[in-house]
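One file, model-v6.pdb, is given below (PDB, C-alpha atoms and all ligand atoms).
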ATOM      1  CA  MET P   1     -85.024 -34.334 -46.122
ATOM      2  CA  CYS P   2     -88.006 -36.579 -46.914
ATOM      3  CA  GLU P   3     -85.695 -39.114 -48.542
ATOM      4  CA  ARG P   4     -83.355 -39.114 -45.575
ATOM      5  CA  LEU P   5     -86.197 -39.558 -43.069
ATOM      6  CA  ILE P   6     -87.702 -42.463 -45.013
ATOM      7  CA  LYS P   7     -84.271 -44.081 -45.305
ATOM      8  CA  GLU P   8     -83.900 -43.828 -41.527
ATOM      9  CA  GLY P   9     -87.264 -45.567 -40.999
ATOM     10  CA  TYR P  10     -89.551 -42.623 -40.229
ATOM     11  CA  ASN P  11     -93.065 -42.021 -41.569
ATOM     12  CA  VAL P  12     -93.275 -38.678 -43.333
ATOM     13  CA  LEU P  13     -96.210 -36.358 -43.916
ATOM     14  CA  CYS P  14     -94.941 -33.893 -46.501
ATOM     15  CA  VAL P  15     -96.874 -30.639 -46.932
ATOM     16  CA  ASP P  16     -96.295 -28.175 -49.770
ATOM     17  CA  ASN P  17     -98.296 -25.474 -51.548
ATOM     18  CA  PHE P  18     -95.940 -25.697 -54.576
ATOM     19  CA  TYR P  19     -95.303 -21.959 -54.489
ATOM     20  CA  THR P  20     -91.683 -22.720 -55.372
ATOM     21  CA  GLY P  21     -91.566 -26.462 -54.717
ATOM     22  CA  SER P  22     -92.159 -29.067 -57.381
ATOM     23  CA  MET P  23     -93.987 -32.387 -57.565
ATOM     24  CA  GLU P  24     -91.083 -33.717 -59.645
ATOM     25  CA  ASN P  25     -88.860 -33.535 -56.560
ATOM     26  CA  ILE P  26     -91.064 -35.924 -54.572
ATOM     27  CA  ARG P  27     -92.746 -38.043 -57.261
ATOM     28  CA  HIS P  28     -90.346 -40.942 -56.657
ATOM     29  CA  LEU P  29     -91.408 -41.041 -52.985
ATOM     30  CA  LEU P  30     -95.146 -41.272 -53.572
ATOM     31  CA  HIS P  31     -95.168 -45.084 -53.799
ATOM     32  CA  HIS P  32     -93.520 -45.494 -50.378
ATOM     33  CA  SER P  33     -96.003 -46.567 -47.708
ATOM     34  CA  GLU P  34     -94.057 -44.425 -45.210
ATOM     35  CA  PHE P  35     -94.695 -41.296 -47.284
ATOM     36  CA  THR P  36     -97.890 -39.252 -47.413
ATOM     37  CA  PHE P  37     -98.293 -36.041 -49.337
ATOM     38  CA  LYS P  38    -100.768 -33.254 -48.641
ATOM     39  CA  GLU P  39    -101.097 -30.162 -50.802
ATOM     40  CA  HIS P  40    -101.729 -27.408 -48.301
ATOM     41  CA  ASP P  41    -100.723 -23.856 -47.550
ATOM     42  CA  ILE P  42     -99.539 -23.396 -43.957
ATOM     43  CA  THR P  43    -101.034 -19.908 -43.771
ATOM     44  CA  ASP P  44    -104.242 -21.932 -43.248
ATOM     45  CA  PRO P  45    -104.360 -23.932 -40.010
ATOM     46  CA  ILE P  46    -103.430 -27.565 -40.376
ATOM     47  CA  THR P  47    -104.606 -30.573 -38.382
ATOM     48  CA  ALA P  48    -102.649 -33.795 -38.004
ATOM     49  CA  ASP P  49    -102.400 -36.352 -35.190
ATOM     50  CA  ASN P  50     -99.595 -38.532 -33.878
ATOM     51  CA  ILE P  51     -96.900 -36.173 -35.075
ATOM     52  CA  SER P  52     -93.568 -36.735 -33.344
ATOM     53  CA  PHE P  53     -91.564 -33.935 -34.966
ATOM     54  CA  ILE P  54     -92.334 -30.918 -37.177
ATOM     55  CA  PHE P  55     -89.916 -29.301 -39.633
ATOM     56  CA  ASN P  56     -91.046 -25.863 -40.739
ATOM     57  CA  LEU P  57     -89.107 -25.390 -43.973
ATOM     58  CA  ALA P  58     -91.844 -23.352 -45.671
ATOM     59  CA  CYS P  59     -91.246 -19.985 -47.358
ATOM     60  CA  PRO P  60     -89.744 -19.000 -50.689
ATOM     61  CA  ALA P  61     -86.036 -18.300 -50.067
ATOM     62  CA  SER P  62     -84.858 -16.740 -53.315
ATOM     63  CA  PRO P  63     -85.101 -12.924 -53.428
ATOM     64  CA  ILE P  64     -86.962 -12.850 -56.758
ATOM     65  CA  HIS P  65     -89.570 -15.311 -55.459
ATOM     66  CA  TYR P  66     -90.040 -13.916 -51.974
ATOM     67  CA  GLN P  67     -90.356 -10.381 -53.371
ATOM     68  CA  GLU P  68     -92.963 -11.432 -55.958
ATOM     69  CA  ASP P  69     -95.747 -11.373 -53.345
ATOM     70  CA  ALA P  70     -94.061  -9.796 -50.334
ATOM     71  CA  ILE P  71     -97.176  -9.796 -48.162
ATOM     72  CA  PHE P  72     -97.674 -13.501 -48.738
ATOM     73  CA  THR P  73     -94.012 -14.079 -47.800
ATOM     74  CA  THR P  74     -94.474 -12.332 -44.443
ATOM     75  CA  LYS P  75     -97.718 -14.226 -43.937
ATOM     76  CA  THR P  76     -96.010 -17.546 -44.621
ATOM     77  CA  SER P  77     -93.298 -16.865 -42.051
ATOM     78  CA  VAL P  78     -95.515 -15.334 -39.393
ATOM     79  CA  VAL P  79     -99.002 -16.881 -39.737
ATOM     80  CA  GLY P  80     -97.584 -20.124 -41.124
ATOM     81  CA  THR P  81     -95.160 -20.502 -38.225
ATOM     82  CA  LEU P  82     -97.948 -19.694 -35.739
ATOM     83  CA  ASN P  83    -100.073 -22.459 -37.251
ATOM     84  CA  LEU P  84     -97.227 -24.982 -36.992
ATOM     85  CA  LEU P  85     -96.376 -23.919 -33.445
ATOM     86  CA  ASP P  86    -100.014 -24.570 -32.550
ATOM     87  CA  LEU P  87     -99.760 -27.975 -34.215
ATOM     88  CA  ALA P  88     -96.622 -28.694 -32.151
ATOM     89  CA  ARG P  89     -98.517 -27.655 -29.025
ATOM     90  CA  LYS P  90    -101.472 -29.936 -29.831
ATOM     91  CA  ASN P  91     -99.157 -32.861 -30.521
ATOM     92  CA  SER P  92     -96.761 -32.031 -27.664
ATOM     93  CA  CYS P  93     -93.895 -32.494 -30.086
ATOM     94  CA  PRO P  94     -90.687 -30.606 -30.913
ATOM     95  CA  ILE P  95     -90.559 -28.278 -33.902
ATOM     96  CA  LEU P  96     -87.616 -27.179 -36.020
ATOM     97  CA  GLN P  97     -87.843 -23.672 -37.460
ATOM     98  CA  ALA P  98     -85.801 -23.008 -40.606
ATOM     99  CA  SER P  99     -84.555 -19.493 -40.057
ATOM    100  CA  THR P 100     -81.970 -17.765 -42.167
ATOM    101  CA  SER P 101     -78.726 -15.826 -42.336
ATOM    102  CA  GLU P 102     -80.963 -12.996 -43.587
ATOM    103  CA  VAL P 103     -81.819 -12.209 -39.963
ATOM    104  CA  TYR P 104     -78.330 -10.617 -39.877
ATOM    105  CA  GLY P 105     -79.238  -8.309 -42.806
ATOM    106  CA  ASN P 106     -76.175  -6.438 -44.093
ATOM    107  CA  PRO P 107     -73.953  -7.470 -41.177
ATOM    108  CA  HIS P 108     -71.447  -5.254 -39.390
ATOM    109  CA  VAL P 109     -70.053  -8.272 -37.554
ATOM    110  CA  HIS P 110     -68.058 -10.741 -39.609
ATOM    111  CA  PRO P 111     -68.275 -13.716 -39.484
ATOM    112  CA  GLN P 112     -71.768 -13.717 -38.008
ATOM    113  CA  THR P 113     -72.184 -15.237 -34.553
ATOM    114  CA  GLU P 114     -75.601 -16.173 -33.166
ATOM    115  CA  ASP P 115     -75.462 -13.432 -30.530
ATOM    116  CA  TYR P 116     -75.199 -10.682 -33.185
ATOM    117  CA  TYR P 117     -78.576  -8.914 -33.509
ATOM    118  CA  GLY P 118     -78.056  -8.019 -37.153
ATOM    119  CA  ASN P 119     -78.450  -4.949 -39.331
ATOM    120  CA  VAL P 120     -81.770  -5.264 -41.149
ATOM    121  CA  ASN P 121     -83.602  -2.591 -43.105
ATOM    122  CA  PRO P 122     -87.130  -3.053 -41.713
ATOM    123  CA  ILE P 123     -88.866  -1.338 -44.649
ATOM    124  CA  GLY P 124     -86.773  -2.455 -47.631
ATOM    125  CA  ILE P 125     -87.625  -4.916 -50.393
ATOM    126  CA  ARG P 126     -85.949  -7.785 -48.497
ATOM    127  CA  SER P 127     -87.736  -7.014 -45.231
ATOM    128  CA  CYS P 128     -90.713  -9.291 -45.968
ATOM    129  CA  TYR P 129     -88.278 -12.201 -45.731
ATOM    130  CA  ASP P 130     -85.848 -10.851 -43.125
ATOM    131  CA  GLU P 131     -88.444  -9.473 -40.733
ATOM    132  CA  GLY P 132     -90.837 -12.359 -41.374
ATOM    133  CA  LYS P 133     -88.147 -14.825 -40.338
ATOM    134  CA  ARG P 134     -87.107 -12.657 -37.386
ATOM    135  CA  CYS P 135     -90.717 -12.552 -36.190
ATOM    136  CA  ALA P 136     -90.929 -16.340 -36.629
ATOM    137  CA  GLU P 137     -87.879 -16.745 -34.368
ATOM    138  CA  SER P 138     -89.512 -14.474 -31.832
ATOM    139  CA  LEU P 139     -92.728 -16.560 -31.937
ATOM    140  CA  CYS P 140     -90.729 -19.768 -31.467
ATOM    141  CA  MET P 141     -88.971 -18.371 -28.408
ATOM    142  CA  ASP P 142     -92.284 -17.178 -26.944
ATOM    143  CA  TYR P 143     -93.902 -20.596 -27.485
ATOM    144  CA  TYR P 144     -90.910 -22.057 -25.678
ATOM    145  CA  ARG P 145     -91.109 -19.556 -22.801
ATOM    146  CA  GLN P 146     -94.915 -19.506 -22.462
ATOM    147  CA  TYR P 147     -95.854 -23.087 -23.305
ATOM    148  CA  GLY P 148     -92.604 -24.997 -22.948
ATOM    149  CA  ILE P 149     -92.661 -26.132 -26.602
ATOM    150  CA  ASP P 150     -89.380 -27.769 -27.596
ATOM    151  CA  VAL P 151     -88.336 -25.376 -30.368
ATOM    152  CA  LYS P 152     -85.154 -25.758 -32.364
ATOM    153  CA  ILE P 153     -84.123 -22.834 -34.556
ATOM    154  CA  ILE P 154     -81.498 -23.066 -37.273
ATOM    155  CA  ARG P 155     -80.210 -20.098 -39.274
ATOM    156  CA  ILE P 156     -79.480 -21.507 -42.703
ATOM    157  CA  PHE P 157     -76.821 -19.784 -44.833
ATOM    158  CA  ASN P 158     -76.837 -19.855 -48.666
ATOM    159  CA  THR P 159     -77.512 -23.454 -49.668
ATOM    160  CA  TYR P 160     -77.439 -24.991 -53.149
ATOM    161  CA  GLY P 161     -77.552 -28.362 -54.829
ATOM    162  CA  PRO P 162     -79.477 -30.736 -57.079
ATOM    163  CA  ARG P 163     -83.266 -30.264 -57.302
ATOM    164  CA  MET P 164     -83.067 -26.478 -57.284
ATOM    165  CA  ALA P 165     -85.446 -25.056 -59.877
ATOM    166  CA  LYS P 166     -83.759 -23.743 -63.001
ATOM    167  CA  ASN P 167     -85.666 -20.471 -62.505
ATOM    168  CA  ASP P 168     -84.816 -20.317 -58.792
ATOM    169  CA  GLY P 169     -83.043 -17.001 -59.375
ATOM    170  CA  ARG P 170     -80.279 -17.418 -56.824
ATOM    171  CA  VAL P 171     -76.701 -17.061 -57.873
ATOM    172  CA  VAL P 172     -75.484 -20.673 -58.018
ATOM    173  CA  SER P 173     -78.349 -21.994 -60.135
ATOM    174  CA  ASN P 174     -78.400 -18.848 -62.287
ATOM    175  CA  PHE P 175     -74.683 -19.102 -63.115
ATOM    176  CA  ILE P 176     -74.846 -22.843 -63.802
ATOM    177  CA  VAL P 177     -77.927 -22.626 -66.032
ATOM    178  CA  GLN P 178     -76.449 -19.633 -67.883
ATOM    179  CA  ALA P 179     -73.095 -21.397 -68.357
ATOM    180  CA  LEU P 180     -74.679 -24.620 -69.612
ATOM    181  CA  GLN P 181     -76.888 -22.723 -72.049
ATOM    182  CA  GLU P 182     -73.987 -20.519 -73.215
ATOM    183  CA  GLU P 183     -75.896 -17.420 -72.116
ATOM    184  CA  ASP P 184     -74.241 -14.419 -70.470
ATOM    185  CA  ILE P 185     -73.365 -14.870 -66.798
ATOM    186  CA  THR P 186     -75.136 -12.060 -64.926
ATOM    187  CA  ILE P 187     -73.090 -10.571 -62.085
ATOM    188  CA  TYR P 188     -75.024  -8.037 -60.000
ATOM    189  CA  GLY P 189     -72.859  -5.119 -58.889
ATOM    190  CA  ASP P 190     -69.069  -5.453 -59.202
ATOM    191  CA  GLY P 191     -69.071  -9.081 -58.019
ATOM    192  CA  ASN P 192     -66.878  -8.370 -54.996
ATOM    193  CA  GLN P 193     -69.694  -9.169 -52.553
ATOM    194  CA  GLY P 194     -68.978 -12.309 -50.552
ATOM    195  CA  ARG P 195     -71.132 -15.325 -49.791
ATOM    196  CA  SER P 196     -70.505 -18.710 -48.158
ATOM    197  CA  PHE P 197     -72.166 -21.572 -49.979
ATOM    198  CA  GLN P 198     -73.268 -24.771 -48.325
ATOM    199  CA  TYR P 199     -74.034 -27.998 -50.187
ATOM    200  CA  ILE P 200     -77.508 -29.417 -49.529
ATOM    201  CA  ASP P 201     -76.306 -32.747 -48.047
ATOM    202  CA  ASP P 202     -74.369 -30.921 -45.324
ATOM    203  CA  LEU P 203     -77.511 -29.011 -44.387
ATOM    204  CA  ILE P 204     -79.617 -32.196 -44.306
ATOM    205  CA  GLU P 205     -77.073 -33.882 -42.042
ATOM    206  CA  ALA P 206     -77.174 -30.888 -39.689
ATOM    207  CA  ILE P 207     -80.992 -30.828 -39.643
ATOM    208  CA  PHE P 208     -81.038 -34.534 -38.883
ATOM    209  CA  ARG P 209     -78.660 -34.064 -35.960
ATOM    210  CA  VAL P 210     -80.680 -31.103 -34.675
ATOM    211  CA  MET P 211     -83.746 -33.366 -34.700
ATOM    212  CA  LYS P 212     -82.030 -36.162 -32.778
ATOM    213  CA  ASP P 213     -79.716 -34.279 -30.434
ATOM    214  CA  ASP P 214     -80.461 -32.284 -27.356
ATOM    215  CA  VAL P 215     -79.707 -28.786 -28.614
ATOM    216  CA  PRO P 216     -80.233 -25.343 -27.063
ATOM    217  CA  HIS P 217     -83.539 -23.595 -27.823
ATOM    218  CA  THR P 218     -81.668 -20.566 -29.114
ATOM    219  CA  PRO P 219     -80.729 -20.240 -32.830
ATOM    220  CA  ILE P 220     -77.830 -22.196 -34.344
ATOM    221  CA  ASN P 221     -76.022 -21.120 -37.533
ATOM    222  CA  ILE P 222     -75.835 -23.858 -40.168
ATOM    223  CA  GLY P 223     -73.643 -23.092 -43.155
ATOM    224  CA  ASN P 224     -70.264 -23.517 -44.773
ATOM    225  CA  PRO P 225     -67.833 -20.797 -43.608
ATOM    226  CA  ASN P 226     -65.802 -20.949 -46.814
ATOM    227  CA  GLU P 227     -66.383 -17.454 -48.250
ATOM    228  CA  ILE P 228     -66.028 -16.600 -51.929
ATOM    229  CA  SER P 229     -66.800 -13.524 -54.016
ATOM    230  CA  VAL P 230     -69.570 -13.687 -56.597
ATOM    231  CA  LYS P 231     -66.950 -12.862 -59.260
ATOM    232  CA  ASP P 232     -64.830 -15.860 -58.255
ATOM    233  CA  LEU P 233     -67.908 -18.067 -58.172
ATOM    234  CA  ALA P 234     -68.615 -17.093 -61.798
ATOM    235  CA  ASP P 235     -65.032 -18.062 -62.737
ATOM    236  CA  MET P 236     -65.385 -21.422 -60.998
ATOM    237  CA  VAL P 237     -68.644 -22.239 -62.778
ATOM    238  CA  LEU P 238     -67.173 -21.222 -66.140
ATOM    239  CA  ARG P 239     -64.081 -23.357 -65.512
ATOM    240  CA  ILE P 240     -65.957 -26.483 -64.398
ATOM    241  CA  THR P 241     -68.590 -26.307 -67.141
ATOM    242  CA  LYS P 242     -65.950 -25.314 -69.764
ATOM    243  CA  SER P 243     -68.554 -22.805 -70.952
ATOM    244  CA  LYS P 244     -67.837 -20.000 -73.396
ATOM    245  CA  SER P 245     -70.432 -17.713 -71.815
ATOM    246  CA  ALA P 246     -69.473 -14.054 -71.485
ATOM    247  CA  VAL P 247     -69.857 -12.215 -68.183
ATOM    248  CA  THR P 248     -72.122  -9.157 -67.964
ATOM    249  CA  PHE P 249     -72.538  -6.811 -65.022
ATOM    250  CA  LYS P 250     -76.007  -5.676 -63.910
ATOM    251  CA  SER P 251     -77.061  -3.291 -61.172
ATOM    252  CA  LEU P 252     -76.884  -4.501 -57.589
ATOM    253  CA  PRO P 253     -80.348  -5.054 -56.067
ATOM    254  CA  GLN P 254     -81.365  -2.817 -53.154
ATOM    255  CA  ASP P 255     -80.064  -3.902 -49.717
ATOM    256  CA  ASP P 256     -77.936  -6.701 -51.187
ATOM    257  CA  PRO P 257     -75.631  -7.704 -48.289
ATOM    258  CA  CYS P 258     -71.882  -7.056 -48.871
ATOM    259  CA  ARG P 259     -70.636 -10.116 -47.019
ATOM    260  CA  ARG P 260     -72.004 -13.185 -45.367
ATOM    261  CA  LYS P 261     -70.146 -15.911 -43.520
ATOM    262  CA  PRO P 262     -71.354 -18.084 -40.639
ATOM    263  CA  ASP P 263     -69.521 -18.673 -37.413
ATOM    264  CA  ILE P 264     -70.373 -22.371 -36.915
ATOM    265  CA  ASN P 265     -68.626 -23.035 -33.613
ATOM    266  CA  LEU P 266     -71.918 -23.493 -31.793
ATOM    267  CA  ALA P 267     -73.122 -26.043 -34.376
ATOM    268  CA  ILE P 268     -69.854 -27.980 -34.128
ATOM    269  CA  LYS P 269     -70.191 -28.047 -30.353
ATOM    270  CA  VAL P 270     -73.844 -29.093 -30.043
ATOM    271  CA  LEU P 271     -74.160 -31.297 -33.140
ATOM    272  CA  ASP P 272     -71.609 -33.896 -32.183
ATOM    273  CA  GLY P 273     -68.762 -32.440 -34.239
ATOM    274  CA  TRP P 274     -70.847 -31.737 -37.376
ATOM    275  CA  THR P 275     -68.898 -29.814 -39.992
ATOM    276  CA  PRO P 276     -69.549 -29.279 -43.716
ATOM    277  CA  GLN P 277     -68.037 -32.155 -45.722
ATOM    278  CA  VAL P 278     -68.612 -31.115 -49.330
ATOM    279  CA  CYS P 279     -66.264 -28.470 -50.756
ATOM    280  CA  LEU P 280     -67.548 -25.926 -53.257
ATOM    281  CA  THR P 281     -65.774 -27.533 -56.230
ATOM    282  CA  ASP P 282     -67.384 -30.937 -55.596
ATOM    283  CA  GLY P 283     -70.770 -29.444 -54.730
ATOM    284  CA  LEU P 284     -70.759 -27.400 -57.924
ATOM    285  CA  LYS P 285     -69.837 -30.497 -59.953
ATOM    286  CA  TYR P 286     -72.788 -32.463 -58.508
ATOM    287  CA  THR P 287     -75.126 -29.542 -59.139
ATOM    288  CA  ILE P 288     -73.826 -29.005 -62.677
ATOM    289  CA  ASP P 289     -74.380 -32.735 -63.402
ATOM    290  CA  TYR P 290     -77.938 -32.385 -62.150
ATOM    291  CA  PHE P 291     -78.680 -29.371 -64.365
ATOM    292  CA  ARG P 292     -76.985 -31.005 -67.366
ATOM    293  CA  ASP P 293     -79.413 -33.915 -66.995
ATOM    294  CA  THR P 294     -82.525 -31.829 -66.463
ATOM    295  CA  LEU P 295     -82.114 -28.898 -68.855
TER
HETATM  296  N1  LIG B 301     -76.290 -12.522 -57.801
HETATM  297  C1  LIG B 301     -75.629 -12.264 -58.992
HETATM  298  N2  LIG B 301     -76.171 -12.763 -60.149
HETATM  299  C2  LIG B 301     -77.308 -13.520 -60.175
HETATM  300  C3  LIG B 301     -77.964 -13.783 -58.957
HETATM  301  C4  LIG B 301     -77.434 -13.259 -57.783
HETATM  302  O1  LIG B 301     -74.589 -11.597 -59.029
HETATM  303  O2  LIG B 301     -77.717 -13.945 -61.275
HETATM  304  C5  LIG B 301     -75.692 -11.998 -56.562
HETATM  305  C6  LIG B 301     -76.652 -11.282 -55.636
HETATM  306  O3  LIG B 301     -76.757  -9.904 -55.984
HETATM  307  C7  LIG B 301     -75.984 -11.498 -54.286
HETATM  308  C8  LIG B 301     -75.331 -12.872 -54.426
HETATM  309  O4  LIG B 301     -75.211 -13.108 -55.824
HETATM  310  O5  LIG B 301     -74.983 -10.543 -54.061
HETATM  311  C9  LIG B 301     -76.137 -13.974 -53.801
HETATM  312  O6  LIG B 301     -77.457 -13.858 -54.267
HETATM  313  P1  LIG B 301     -78.568 -14.939 -53.989
HETATM  314  O7  LIG B 301     -79.844 -14.403 -54.554
HETATM  315  O8  LIG B 301     -78.114 -16.270 -54.431
HETATM  316  O9  LIG B 301     -78.656 -15.042 -52.395
HETATM  317  P2  LIG B 301     -78.730 -13.922 -51.240
HETATM  318  O10 LIG B 301     -78.614 -12.553 -51.836
HETATM  319  O11 LIG B 301     -80.036 -14.146 -50.588
HETATM  320  O12 LIG B 301     -77.552 -14.231 -50.378
END

For the file at hand, write its structure as structure tokens.
Amino acid sequence: MCERLIKEGYNVLCVDNFYTGSMENIRHLLHHSEFTFKEHDITDPITADNISFIFNLACPASPIHYQEDAIFTTKTSVVGTLNLLDLARKNSCPILQASTSEVYGNPHVHPQTEDYYGNVNPIGIRSCYDEGKRCAESLCMDYYRQYGIDVKIIRIFNTYGPRMAKNDGRVVSNFIVQALQEEDITIYGDGNQGRSFQYIDDLIEAIFRVMKDDVPHTPINIGNPNEISVKDLADMVLRITKSKSAVTFKSLPQDDPCRRKPDINLAIKVLDGWTPQVCLTDGLKYTIDYFRDTL
């Protein structure tokens, strides 16, 4: 996102606490005069002037990382979002809130439309993330209703691509790293659970359009509706990497959703015909190339 903004001529103030982010991912931007970096945790208030747009992309998104310190995860989504909403208010600028498909929990409606309220376990091990993000959406809507802040909420579905950490823990990077290192591919459960994977560049394009276009203040799903089972994903990764890794089955984590697929009709309508452009095979190839180079 920083790269794209600089390329389009914007000045960027990038803020990260490096909880899951990495300096390596932004080092090449540090010499740009349009780029400023500040190490900061958004659970502490932040001051900045002359801001014309805020993107709140903060919060660990991988289950193993957001469950590591669950209270901090909730704090990041709730207190962190409050702090950025206050910053948007002070600067009278719009703010984009990165929400998530996790607000739908283990959905009974398939594919998920924005008007579906979801099926979330409010006390489970995923609730720090799910409920934190749901509360953040609620805060955004209240800042819009009470203070007229121009909030833009996107619900991001499973996204993957280059610059993921090798220890990210989510399925795409796990399978690729395991395949490249000839380690066993770990399928949780029977592998029949479905997910819809979106390549990072498609997400960035959507975020960019959300920033520039006049979009509704209500949430918009951003994802690739092409659904695949975890078992089939493992086969694809094995085929593309030509790996000899074996497949092992491990227990399914608590509250792991059975299916997940976005209805993106609203996004297509309000984002000037945006649709995902990168198919899973190509996206996996780019991501495999990245991990081959970095491992
Ligand atoms: N998963 C898996 N093996 C792994 C990591 C994840 O089978 O090494 C499964 C996980 O149980 C879930 C799916 O893949 O059913 C997607 O998991 P991920 O953590 O990537 O995202 P999320 O569960 O948040 O959609």

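Across the structure, CA of Val103 in chain P and CA of Asp130 in chain P are spaced 5.3 Å apart.
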
How close does each residue of chain P get to ligand LIG 301 (chain B), giving the shortest atom pair and distance in Å to one decimal for every residue with an atom at most 9 Å away, counting only C-alpha atoms and all ligand atoms, sorted by chain and residue number, as CSV?
residue,atom,partner,partner_atom,distance
P:Ala61,CA,B:LIG301,O11,7.3
P:Ser62,CA,B:LIG301,O7,5.7
P:Pro63,CA,B:LIG301,O7,5.6
P:Ile64,CA,B:LIG301,O7,7.6
P:Ser101,CA,B:LIG301,O12,8.3
P:Glu102,CA,B:LIG301,O11,7.2
P:Arg126,CA,B:LIG301,O11,8.9
P:Phe157,CA,B:LIG301,O12,7.9
P:Asn158,CA,B:LIG301,O12,5.9
P:Thr159,CA,B:LIG301,O8,8.6
P:Tyr160,CA,B:LIG301,O8,8.8
P:Asp168,CA,B:LIG301,O7,8.8
P:Gly169,CA,B:LIG301,C3,6.0
P:Arg170,CA,B:LIG301,O8,3.4
P:Val171,CA,B:LIG301,C3,3.7
P:Val172,CA,B:LIG301,O8,6.3
P:Ser173,CA,B:LIG301,O8,8.1
P:Asn174,CA,B:LIG301,O2,5.1
P:Phe175,CA,B:LIG301,O2,6.3
P:Gln178,CA,B:LIG301,O2,8.8
P:Ile185,CA,B:LIG301,O2,7.1
P:Thr186,CA,B:LIG301,O2,4.9
P:Ile187,CA,B:LIG301,O1,3.6
P:Tyr188,CA,B:LIG301,O1,3.7
P:Gly189,CA,B:LIG301,O1,6.7
P:Asp190,CA,B:LIG301,O1,8.3
P:Gly191,CA,B:LIG301,O1,6.1
P:Asn192,CA,B:LIG301,O5,8.4
P:Gln193,CA,B:LIG301,O5,5.7
P:Gly194,CA,B:LIG301,O5,7.2
P:Arg195,CA,B:LIG301,O12,6.5
P:Ser196,CA,B:LIG301,O12,8.6
P:Ser229,CA,B:LIG301,C8,8.6
P:Val230,CA,B:LIG301,O4,5.7
P:Lys231,CA,B:LIG301,O1,7.7
P:Ala234,CA,B:LIG301,O1,8.6
P:Phe249,CA,B:LIG301,O1,7.9
P:Lys250,CA,B:LIG301,O1,7.8
P:Ser251,CA,B:LIG301,O3,8.4
P:Leu252,CA,B:LIG301,O3,5.6
P:Pro253,CA,B:LIG301,O3,6.0
P:Gln254,CA,B:LIG301,O3,8.9
P:Asp256,CA,B:LIG301,O5,5.6
P:Pro257,CA,B:LIG301,O5,6.5
P:Cys258,CA,B:LIG301,O5,7.0
P:Arg259,CA,B:LIG301,O5,8.3
P:Arg260,CA,B:LIG301,O12,7.5

Give me a file of those residues, with C-alpha atoms, as a short mmCIF file (atom, residue, chain, number, x, y, z; two decimals), in the frame of the given file.
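out.cif, written as the output of this step:
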data_model
loop_
_atom_site.label_atom_id
_atom_site.label_comp_id
_atom_site.auth_asym_id
_atom_site.auth_seq_id
_atom_site.Cartn_x
_atom_site.Cartn_y
_atom_site.Cartn_z
CA ALA P 61 -86.04 -18.30 -50.07
CA SER P 62 -84.86 -16.74 -53.32
CA PRO P 63 -85.10 -12.92 -53.43
CA ILE P 64 -86.96 -12.85 -56.76
CA SER P 101 -78.73 -15.83 -42.34
CA GLU P 102 -80.96 -13.00 -43.59
CA ARG P 126 -85.95 -7.78 -48.50
CA PHE P 157 -76.82 -19.78 -44.83
CA ASN P 158 -76.84 -19.86 -48.67
CA THR P 159 -77.51 -23.45 -49.67
CA TYR P 160 -77.44 -24.99 -53.15
CA ASP P 168 -84.82 -20.32 -58.79
CA GLY P 169 -83.04 -17.00 -59.38
CA ARG P 170 -80.28 -17.42 -56.82
CA VAL P 171 -76.70 -17.06 -57.87
CA VAL P 172 -75.48 -20.67 -58.02
CA SER P 173 -78.35 -21.99 -60.14
CA ASN P 174 -78.40 -18.85 -62.29
CA PHE P 175 -74.68 -19.10 -63.12
CA GLN P 178 -76.45 -19.63 -67.88
CA ILE P 185 -73.36 -14.87 -66.80
CA THR P 186 -75.14 -12.06 -64.93
CA ILE P 187 -73.09 -10.57 -62.08
CA TYR P 188 -75.02 -8.04 -60.00
CA GLY P 189 -72.86 -5.12 -58.89
CA ASP P 190 -69.07 -5.45 -59.20
CA GLY P 191 -69.07 -9.08 -58.02
CA ASN P 192 -66.88 -8.37 -55.00
CA GLN P 193 -69.69 -9.17 -52.55
CA GLY P 194 -68.98 -12.31 -50.55
CA ARG P 195 -71.13 -15.32 -49.79
CA SER P 196 -70.50 -18.71 -48.16
CA SER P 229 -66.80 -13.52 -54.02
CA VAL P 230 -69.57 -13.69 -56.60
CA LYS P 231 -66.95 -12.86 -59.26
CA ALA P 234 -68.61 -17.09 -61.80
CA PHE P 249 -72.54 -6.81 -65.02
CA LYS P 250 -76.01 -5.68 -63.91
CA SER P 251 -77.06 -3.29 -61.17
CA LEU P 252 -76.88 -4.50 -57.59
CA PRO P 253 -80.35 -5.05 -56.07
CA GLN P 254 -81.36 -2.82 -53.15
CA ASP P 256 -77.94 -6.70 -51.19
CA PRO P 257 -75.63 -7.70 -48.29
CA CYS P 258 -71.88 -7.06 -48.87
CA ARG P 259 -70.64 -10.12 -47.02
CA ARG P 260 -72.00 -13.18 -45.37
#

### Query
For the file shown, what are the residues hit by the PyMOL selection byres (((chain P and resi 7-22) around 6) and not hetatm), laid out as a PyMOL selection string?
chain P and resi 4-6+23-25+34-41

### Query
Mind telling me what the PyMOL selection byres (((chain P and resi 278) around 12) and not hetatm) catches here, as a VMD selection string?
chain P and resid 159 to 161 197 to 203 205 223 to 226 275 to 277 279 to 287

#### Entry: d(CA of Arg292 in chain P, CA of Thr248 in chain P) in Å
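We find that CA of Arg292 in chain P and CA of Thr248 in chain P lie 22.4 Å from each other.
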
### Task
Compare P:His217, P:Arg27, P:Pro107, P:Ala98 by their minimum atom-to-atom distance to Asp142 in chain P, counting only C-alpha atoms, and give me the closest one.
P:His217

### Query
Hey, what's within 8 Å of Ala206 in chain P if we count all atoms listed in the file and toss same-chain stuff fewer than 6 positions away? As a PyMOL selection string, please?
chain P and resi 222+271+274

#### Entry: P:Ser138, P:Ser127, P:Asn221, P:Thr294 ranked by distance to Ile268 in chain P, top pick (using all atoms listed in the file)
P:Asn221
